[in-house]
>>> print(open('entry00.txt').read())   # compact mmCIF, C-alpha atoms
# COMPACT_ATOMS: atom_id res chain seq x y z
CA MET A 4 0.00 0.00 0.00
CA SER A 5 1.52 3.29 -1.13
CA ILE A 6 0.70 6.97 -0.72
CA VAL A 7 -0.83 8.36 -3.91
CA ALA A 8 -1.59 11.89 -2.70
CA GLU A 9 -0.30 13.87 0.27
CA SER A 10 -0.38 17.29 1.86
CA PRO A 11 2.24 16.84 4.57
CA GLY A 12 0.85 17.29 8.05
CA PHE A 13 -2.75 17.31 6.84
CA ILE A 14 -3.78 14.36 4.66
CA GLN A 15 -2.47 11.14 3.11
CA VAL A 16 -4.41 9.17 0.50
CA PHE A 17 -3.34 5.57 -0.09
CA SER A 18 -3.50 3.33 -3.15
CA ASN A 19 -6.26 1.20 -1.60
CA GLY A 20 -8.46 4.27 -1.15
CA ALA A 21 -7.80 4.70 2.58
CA VAL A 22 -7.49 8.27 3.85
CA LYS A 23 -5.56 9.48 6.88
CA ARG A 24 -6.06 13.03 8.15
CA PHE A 25 -3.96 14.90 10.66
CA SER A 26 -5.74 17.55 12.68
CA PRO A 27 -4.24 20.68 14.23
CA PRO A 28 -5.38 21.61 17.76
CA THR A 29 -9.17 21.57 18.19
CA ALA A 30 -11.60 23.31 20.54
CA ALA A 31 -14.68 21.92 22.27
CA PRO A 32 -17.85 24.02 22.38
CA SER A 33 -18.48 25.98 25.56
CA LEU A 34 -22.00 26.62 26.84
CA SER A 35 -20.68 29.35 29.12
CA ASN A 36 -19.41 32.66 27.82
CA THR A 37 -15.79 32.59 26.69
CA ASN A 38 -13.95 35.63 28.11
CA ASN A 39 -17.37 37.28 28.36
CA LYS A 40 -17.50 37.40 24.55
CA TYR A 41 -19.38 34.40 23.17
CA LYS A 42 -20.62 30.90 23.83
CA SER A 43 -20.84 27.95 21.47
CA LYS A 44 -22.63 24.65 21.01
CA ASP A 45 -22.75 21.87 18.41
CA VAL A 46 -25.93 20.91 16.56
CA ILE A 47 -26.85 18.10 14.18
CA ILE A 48 -28.09 19.18 10.75
CA ASP A 49 -28.59 15.70 9.29
CA PRO A 50 -27.62 12.61 11.32
CA SER A 51 -27.85 10.30 8.31
CA LYS A 52 -24.92 11.81 6.42
CA PRO A 53 -23.76 13.19 8.92
CA ILE A 54 -23.78 17.00 8.71
CA THR A 55 -23.14 18.98 11.88
CA ALA A 56 -22.52 22.61 12.76
CA ARG A 57 -21.28 24.80 15.58
CA ILE A 58 -23.30 27.83 16.68
CA PHE A 59 -21.58 30.89 18.13
CA LEU A 60 -23.73 33.31 20.09
CA PRO A 61 -22.47 36.73 21.28
CA GLN A 62 -22.57 37.19 25.05
CA HIS A 63 -24.71 40.34 24.88
CA HIS A 64 -27.52 38.38 23.21
CA SER A 65 -30.63 38.25 25.40
CA SER A 66 -32.72 35.11 25.32
CA GLN A 67 -35.64 37.29 26.46
CA SER A 68 -35.57 39.38 23.29
CA GLN A 69 -39.00 39.70 21.74
CA SER A 70 -37.87 40.55 18.22
CA LYS A 71 -35.98 38.45 15.71
CA SER A 72 -33.32 40.99 14.90
CA ILE A 73 -29.95 39.23 14.96
CA PRO A 74 -28.22 38.64 11.59
CA ILE A 75 -26.82 35.17 11.04
CA LEU A 76 -23.63 34.29 9.20
CA VAL A 77 -23.43 30.76 7.77
CA TYR A 78 -19.75 29.85 7.48
CA PHE A 79 -18.04 27.08 5.49
CA HIS A 80 -14.47 26.15 6.42
CA GLY A 81 -11.67 25.72 3.90
CA GLY A 82 -9.31 22.85 3.22
CA GLY A 83 -9.47 22.04 -0.49
CA PHE A 84 -12.76 20.16 0.16
CA CYS A 85 -10.61 17.42 1.72
CA ILE A 86 -9.59 18.63 5.18
CA GLY A 87 -10.73 21.12 7.80
CA SER A 88 -13.36 21.35 10.51
CA THR A 89 -15.20 23.99 12.45
CA THR A 90 -13.67 22.35 15.54
CA TRP A 91 -10.16 23.46 14.52
CA LEU A 92 -8.95 25.90 17.16
CA GLY A 93 -8.21 28.66 14.65
CA TYR A 94 -11.71 28.59 13.18
CA HIS A 95 -13.33 28.31 16.61
CA THR A 96 -11.43 31.32 17.95
CA PHE A 97 -11.89 33.51 14.88
CA LEU A 98 -15.60 32.79 14.46
CA GLY A 99 -16.33 33.17 18.16
CA ASN A 100 -14.60 36.54 18.22
CA LEU A 101 -16.40 37.51 15.01
CA SER A 102 -19.74 36.69 16.62
CA SER A 103 -18.89 39.03 19.48
CA THR A 104 -17.40 41.80 17.35
CA ALA A 105 -20.22 41.90 14.80
CA GLY A 106 -23.07 41.07 17.19
CA ILE A 107 -24.19 38.19 15.00
CA ILE A 108 -25.01 34.51 15.26
CA VAL A 109 -22.51 32.31 13.41
CA LEU A 110 -23.50 28.87 12.13
CA SER A 111 -20.29 27.09 11.10
CA VAL A 112 -20.96 23.95 9.06
CA ASP A 113 -19.02 20.68 9.03
CA TYR A 114 -19.74 19.08 5.66
CA ARG A 115 -18.58 15.70 4.34
CA LEU A 116 -15.09 15.73 2.86
CA ALA A 117 -13.48 14.46 -0.33
CA PRO A 118 -12.06 12.20 -1.61
CA GLU A 119 -14.61 9.95 0.11
CA ASN A 120 -17.36 12.45 -0.74
CA LYS A 121 -16.51 14.20 -3.97
CA LEU A 122 -18.17 17.31 -5.36
CA PRO A 123 -21.00 18.18 -5.52
CA ILE A 124 -21.61 16.50 -2.11
CA PRO A 125 -20.02 19.37 -0.12
CA TYR A 126 -22.31 21.81 -1.96
CA GLU A 127 -25.34 19.67 -1.21
CA ASP A 128 -24.41 19.31 2.47
CA CYS A 129 -23.93 23.05 2.91
CA PHE A 130 -27.17 23.89 1.13
CA ALA A 131 -28.88 21.34 3.40
CA ALA A 132 -27.64 23.41 6.35
CA LEU A 133 -29.33 26.45 4.83
CA GLN A 134 -32.55 24.47 4.40
CA TRP A 135 -32.32 23.27 8.01
CA LEU A 136 -31.94 26.87 9.12
CA ALA A 137 -34.98 27.91 7.09
CA ALA A 138 -37.11 25.07 8.44
CA ALA A 139 -36.59 23.16 11.66
CA GLY A 140 -33.41 24.85 12.88
CA SER A 141 -34.75 28.33 13.47
CA ASN A 142 -37.93 26.97 15.06
CA THR A 143 -36.56 24.27 17.33
CA GLU A 144 -33.06 25.47 18.25
CA PRO A 145 -33.27 27.94 21.17
CA TRP A 146 -30.04 29.68 20.20
CA LEU A 147 -31.60 30.59 16.85
CA GLN A 148 -34.91 31.89 18.14
CA ASP A 149 -33.91 35.51 17.52
CA ALA A 150 -32.17 34.91 14.20
CA ASP A 151 -33.37 37.27 11.49
CA LEU A 152 -33.95 35.01 8.47
CA SER A 153 -34.21 38.08 6.25
CA ARG A 154 -30.57 38.85 7.03
CA ILE A 155 -28.66 35.69 6.19
CA PHE A 156 -25.02 36.05 5.14
CA LEU A 157 -22.85 33.34 3.58
CA SER A 158 -19.11 33.21 4.07
CA GLY A 159 -16.19 30.81 4.01
CA ASP A 160 -12.51 30.68 3.29
CA SER A 161 -10.66 29.02 0.42
CA ALA A 162 -12.80 26.00 -0.59
CA GLY A 163 -15.42 27.37 1.81
CA GLY A 164 -15.51 30.59 -0.19
CA ASN A 165 -16.14 28.49 -3.29
CA ILE A 166 -18.94 26.69 -1.44
CA ALA A 167 -20.48 29.98 -0.33
CA HIS A 168 -20.79 31.05 -3.97
CA HIS A 169 -22.49 27.84 -5.05
CA VAL A 170 -24.86 27.83 -2.08
CA ALA A 171 -25.83 31.42 -2.95
CA VAL A 172 -26.57 30.38 -6.53
CA LYS A 173 -28.66 27.43 -5.32
CA ALA A 174 -30.57 29.68 -2.94
CA ILE A 175 -31.50 31.96 -5.84
CA GLU A 176 -32.61 29.06 -8.02
CA THR A 177 -34.57 27.30 -5.25
CA ASN A 178 -37.72 28.36 -3.45
CA ILE A 179 -36.30 28.60 0.06
CA ASN A 180 -37.89 30.58 2.84
CA ILE A 181 -34.93 32.78 3.69
CA ARG A 182 -33.13 35.64 2.04
CA VAL A 183 -29.39 35.62 1.48
CA LYS A 184 -28.53 39.24 2.11
CA GLY A 185 -24.80 39.13 1.48
CA LEU A 186 -21.92 36.94 0.34
CA LEU A 187 -18.44 37.22 1.86
CA PRO A 188 -15.91 34.79 0.28
CA ILE A 189 -12.49 34.90 1.93
CA HIS A 190 -9.54 33.93 -0.32
CA PRO A 191 -11.88 31.83 -2.53
CA TYR A 192 -10.58 28.67 -4.18
CA PHE A 193 -11.41 28.53 -7.91
CA GLY A 194 -9.52 27.23 -10.93
CA SER A 195 -9.65 26.18 -14.57
CA GLU A 196 -7.85 24.01 -17.11
CA ALA A 197 -6.35 27.19 -18.55
CA ARG A 198 -3.50 28.52 -16.43
CA THR A 199 -3.21 32.13 -15.35
CA GLU A 200 0.00 34.07 -15.85
CA LEU A 201 1.01 33.55 -12.22
CA GLU A 202 0.27 29.82 -12.40
CA MET A 203 2.53 29.48 -15.46
CA GLU A 204 5.52 31.00 -13.70
CA GLU A 205 8.25 28.53 -12.81
CA SER A 206 8.28 29.74 -9.23
CA SER A 207 4.63 28.71 -8.86
CA ALA A 208 5.18 25.03 -9.61
CA GLY A 209 4.77 23.90 -6.00
CA GLU A 210 1.54 25.81 -5.38
CA VAL A 211 0.09 24.67 -8.71
CA ALA A 212 0.90 21.03 -7.97
CA MET A 213 -0.74 21.20 -4.53
CA ASN A 214 -3.87 22.91 -5.89
CA ASP A 215 -4.10 20.36 -8.71
CA MET A 216 -3.84 17.54 -6.18
CA PHE A 217 -6.74 18.86 -4.11
CA TRP A 218 -8.85 19.40 -7.22
CA LYS A 219 -8.08 15.86 -8.41
CA LEU A 220 -9.16 14.46 -5.04
CA SER A 221 -12.38 16.47 -4.90
CA LEU A 222 -13.67 16.57 -8.50
CA PRO A 223 -16.13 13.90 -9.71
CA GLU A 224 -14.62 11.00 -11.61
CA GLY A 225 -14.10 11.94 -15.24
CA SER A 226 -14.20 15.69 -14.58
CA ASP A 227 -11.40 18.18 -15.10
CA ARG A 228 -10.81 21.69 -13.76
CA ASP A 229 -13.44 23.10 -16.11
CA TYR A 230 -16.07 21.40 -13.93
CA TYR A 231 -18.64 24.00 -12.87
CA GLY A 232 -17.52 23.85 -9.26
CA CYS A 233 -13.98 24.81 -10.18
CA ASN A 234 -14.29 27.00 -13.27
CA ILE A 235 -17.35 29.08 -12.49
CA GLU A 236 -16.98 31.12 -15.67
CA LYS A 237 -17.62 28.06 -17.83
CA GLY A 238 -19.89 26.40 -15.34
CA SER A 239 -22.15 29.29 -14.38
CA PRO A 240 -25.62 28.43 -15.71
CA GLU A 241 -27.02 31.02 -18.08
CA THR A 242 -30.37 30.64 -16.34
CA THR A 243 -29.04 32.14 -13.10
CA GLU A 244 -30.80 35.43 -12.40
CA TRP A 245 -27.65 37.35 -11.58
CA TRP A 246 -29.54 40.53 -10.84
CA LEU A 247 -30.95 38.70 -7.81
CA PHE A 248 -27.47 37.92 -6.50
CA PRO A 249 -26.82 39.35 -3.04
CA ALA A 250 -24.29 42.05 -2.27
CA VAL A 251 -20.77 40.61 -2.38
CA VAL A 252 -17.49 41.53 -0.74
CA VAL A 253 -14.52 39.36 -1.72
CA PHE A 254 -11.51 39.28 0.59
CA VAL A 255 -8.10 38.55 -0.90
CA ALA A 256 -4.60 38.53 0.60
CA GLY A 257 -1.57 40.15 -0.96
CA LEU A 258 0.76 37.16 -0.47
CA ASP A 259 -1.85 34.55 -1.38
CA PHE A 260 -1.19 32.45 -4.46
CA LEU A 261 -4.96 32.43 -5.05
CA ARG A 262 -5.27 36.22 -4.93
CA GLU A 263 -5.66 36.59 -8.70
CA ARG A 264 -8.46 34.00 -8.71
CA GLY A 265 -10.32 36.15 -6.19
CA VAL A 266 -9.84 39.22 -8.39
CA MET A 267 -11.06 37.24 -11.41
CA TYR A 268 -14.14 36.21 -9.43
CA VAL A 269 -14.97 39.87 -8.72
CA GLU A 270 -14.58 40.70 -12.42
CA LEU A 271 -16.87 37.79 -13.38
CA LEU A 272 -19.62 38.89 -11.00
CA LYS A 273 -19.47 42.43 -12.36
CA LYS A 274 -19.62 41.10 -15.93
CA LYS A 275 -22.66 39.00 -15.02
CA GLY A 276 -24.44 42.11 -13.77
CA VAL A 277 -24.21 41.64 -10.01
CA ARG A 278 -24.90 45.15 -8.78
CA ASN A 279 -23.03 45.38 -5.48
CA VAL A 280 -19.53 43.85 -5.63
CA SER A 281 -16.40 45.01 -3.84
CA LEU A 282 -12.86 43.75 -3.21
CA VAL A 283 -10.85 44.05 0.01
CA ASP A 284 -7.12 43.32 -0.17
CA ALA A 285 -5.08 42.43 2.92
CA GLU A 286 -1.63 43.50 1.80
CA GLY A 287 1.25 41.52 3.25
CA GLU A 288 -0.98 38.65 4.43
CA SER A 289 -1.04 35.01 3.30
CA HIS A 290 -3.75 32.50 2.51
CA VAL A 291 -6.37 32.06 5.28
CA PHE A 292 -4.20 33.95 7.77
CA HIS A 293 -7.23 34.36 10.05
CA ALA A 294 -7.48 30.59 10.61
CA TRP A 295 -3.80 30.20 11.48
CA ASN A 296 -3.46 33.44 13.47
CA PRO A 297 -6.97 34.29 14.72
CA ASP A 298 -5.68 36.73 17.36
CA SER A 299 -3.53 38.75 14.97
CA THR A 300 -4.08 42.40 14.16
CA ALA A 301 -4.97 41.43 10.58
CA SER A 302 -7.60 38.98 11.85
CA PHE A 303 -9.19 41.61 14.08
CA LEU A 304 -9.26 43.99 11.11
CA LEU A 305 -10.94 41.31 8.99
CA GLN A 306 -13.58 40.83 11.70
CA ASN A 307 -14.30 44.55 11.70
CA GLN A 308 -14.50 44.62 7.90
CA ILE A 309 -16.97 41.74 7.92
CA SER A 310 -18.98 43.48 10.65
CA SER A 311 -19.09 46.74 8.70
CA PHE A 312 -20.32 44.97 5.56
CA ILE A 313 -23.07 43.17 7.47
CA GLN A 314 -24.20 46.31 9.29
CA SER A 315 -24.31 48.26 6.01
CA LEU A 316 -27.03 46.03 4.58
>>> encode(input="entry00.txt", output="structure tokens")
Amino acid sequence: MSIVAESPGFIQVFSNGAVKRFSPPTAAPSLSNTNNKYKSKDVIIDPSKPITARIFLPQHHSSQSQSKSIPILVYFHGGGFCIGSTTWLGYHTFLGNLSSTAGIIVLSVDYRLAPENKLPIPYEDCFAALQWLAAAGSNTEPWLQDADLSRIFLSGDSAGGNIAHHVAVKAIETNINIRVKGLLPIHPYFGSEARTELEMEESSAGEVAMNDMFWKLSLPEGSDRDYYGCNIEKGSPETTEWWLFPAVVVFVAGLDFLRERGVMYVELLKKKGVRNVSLVDAEGESHVFHAWNPDSTASFLLQNQISSFIQSL
């Protein structure tokens, strides 16, 4: 039995199909307020798959509130569709602090991972979380009783930013009893068979090889990087009513190899006629810096930028 694909320290895929994942430090949910900022709990979205999520509630939230007025951010973690979890300490810390800073409820989804569950399964799982929120979740989960379903925001980093886009498209095309008010992809993970100028540079060979590996593990059998989940320009259905697309802010990082893909995504949305699209560039920062350094100055700035966008809508 040999290793056929590997991201050192994160995942090994073996010739017999076995998968071994290595997790960084994780955090358990806490029903009591953390540093008087937020509390968290885990919920089950669909036990049959399974799909779970972690809810973060700001400490100033009052369970006695009589009005459903708290925006909710649905977050999808990154990891090339193959690794990652909302339980990772970096995500837990960043999203908990974001909940407190922005005064919002955060629902962070753990979807099924590739290569065992290839695309479009992660899209389906994450849309199922949105359906759960629109139906049973907001009615039966006490921590969601004051969630404002007219102010739903979708976000995620890297592959999670990709997922956020596709869930937003599905929400537009499906009769679902909530409104996606805004979309906030962070360092989104897209691609194509055609290489960009940066990807063709000799110095980019390592990053290109790693991205290609994750795409190969996550794409459906027989698909290439022009699959709609990867190359959204070729895959975007012409039937999508782009004028109904929510307001979008795309976060990129100056040192991120995927920065140009994020810029290309902004240009595509504008070309499609999405009316409210903006780009925020974190100069001097690397890919998903907020997950690796959630207490950094740059991460606190990102939280404030997300908060400002949400409060503006």
>>> closest_residue(input="entry00.txt", among="A:Ile313, A:Val170, A:Ile14, A:Ala8", to="Ala212 (chain A)", atoms="all atoms listed in the file")
A:Ala8
>>> closest_atom_pairs(input="entry00.txt", of="region 32-113 of chain A", to="region 136-156 of chain A", cutoff="6 Å", atoms="only C-alpha atoms", output="tab-separated table")
residue	atom	partner	partner_atom	distance
A:Lys71	CA	A:Asp149	CA	4.0
A:Ser72	CA	A:Asp151	CA	5.0
A:Ile73	CA	A:Ala150	CA	4.9
A:Pro74	CA	A:Arg154	CA	5.1
A:Ile75	CA	A:Ile155	CA	5.2
A:Leu76	CA	A:Phe156	CA	4.6
>>> write_last_selection(input="entry00.txt", atoms="C-alpha atoms", output="mmCIF file, keeping the file's coordinate frame")
data_model
loop_
_atom_site.group_PDB
_atom_site.id
_atom_site.type_symbol
_atom_site.label_atom_id
_atom_site.label_comp_id
_atom_site.auth_asym_id
_atom_site.auth_seq_id
_atom_site.Cartn_x
_atom_site.Cartn_y
_atom_site.Cartn_z
ATOM 1 C CA LYS A 71 -35.980 38.450 15.710
ATOM 2 C CA SER A 72 -33.320 40.990 14.900
ATOM 3 C CA ILE A 73 -29.950 39.230 14.960
ATOM 4 C CA PRO A 74 -28.220 38.640 11.590
ATOM 5 C CA ILE A 75 -26.820 35.170 11.040
ATOM 6 C CA LEU A 76 -23.630 34.290 9.200
#
>>> closest_residue(input="entry00.txt", among="A:Arg115, A:His168, A:Lys42, A:Lys219", to="Val269 (chain A)", atoms="only C-alpha atoms")
A:His168
>>> atom_distance(input="entry00.txt", atom1="CA of Gln306 (chain A)", atom2="CA of Leu272 (chain A)")
23.6 Å
>>> closest_residue(input="entry00.txt", among="A:Phe13, A:Phe254, A:Tyr192, A:Trp135", to="His80 (chain A)", atoms="all atoms listed in the file")
A:Tyr192
>>> atom_distance(input="entry00.txt", atom1="CA of Arg228 (chain A)", atom2="CA of Ser195 (chain A)")
4.7 Å
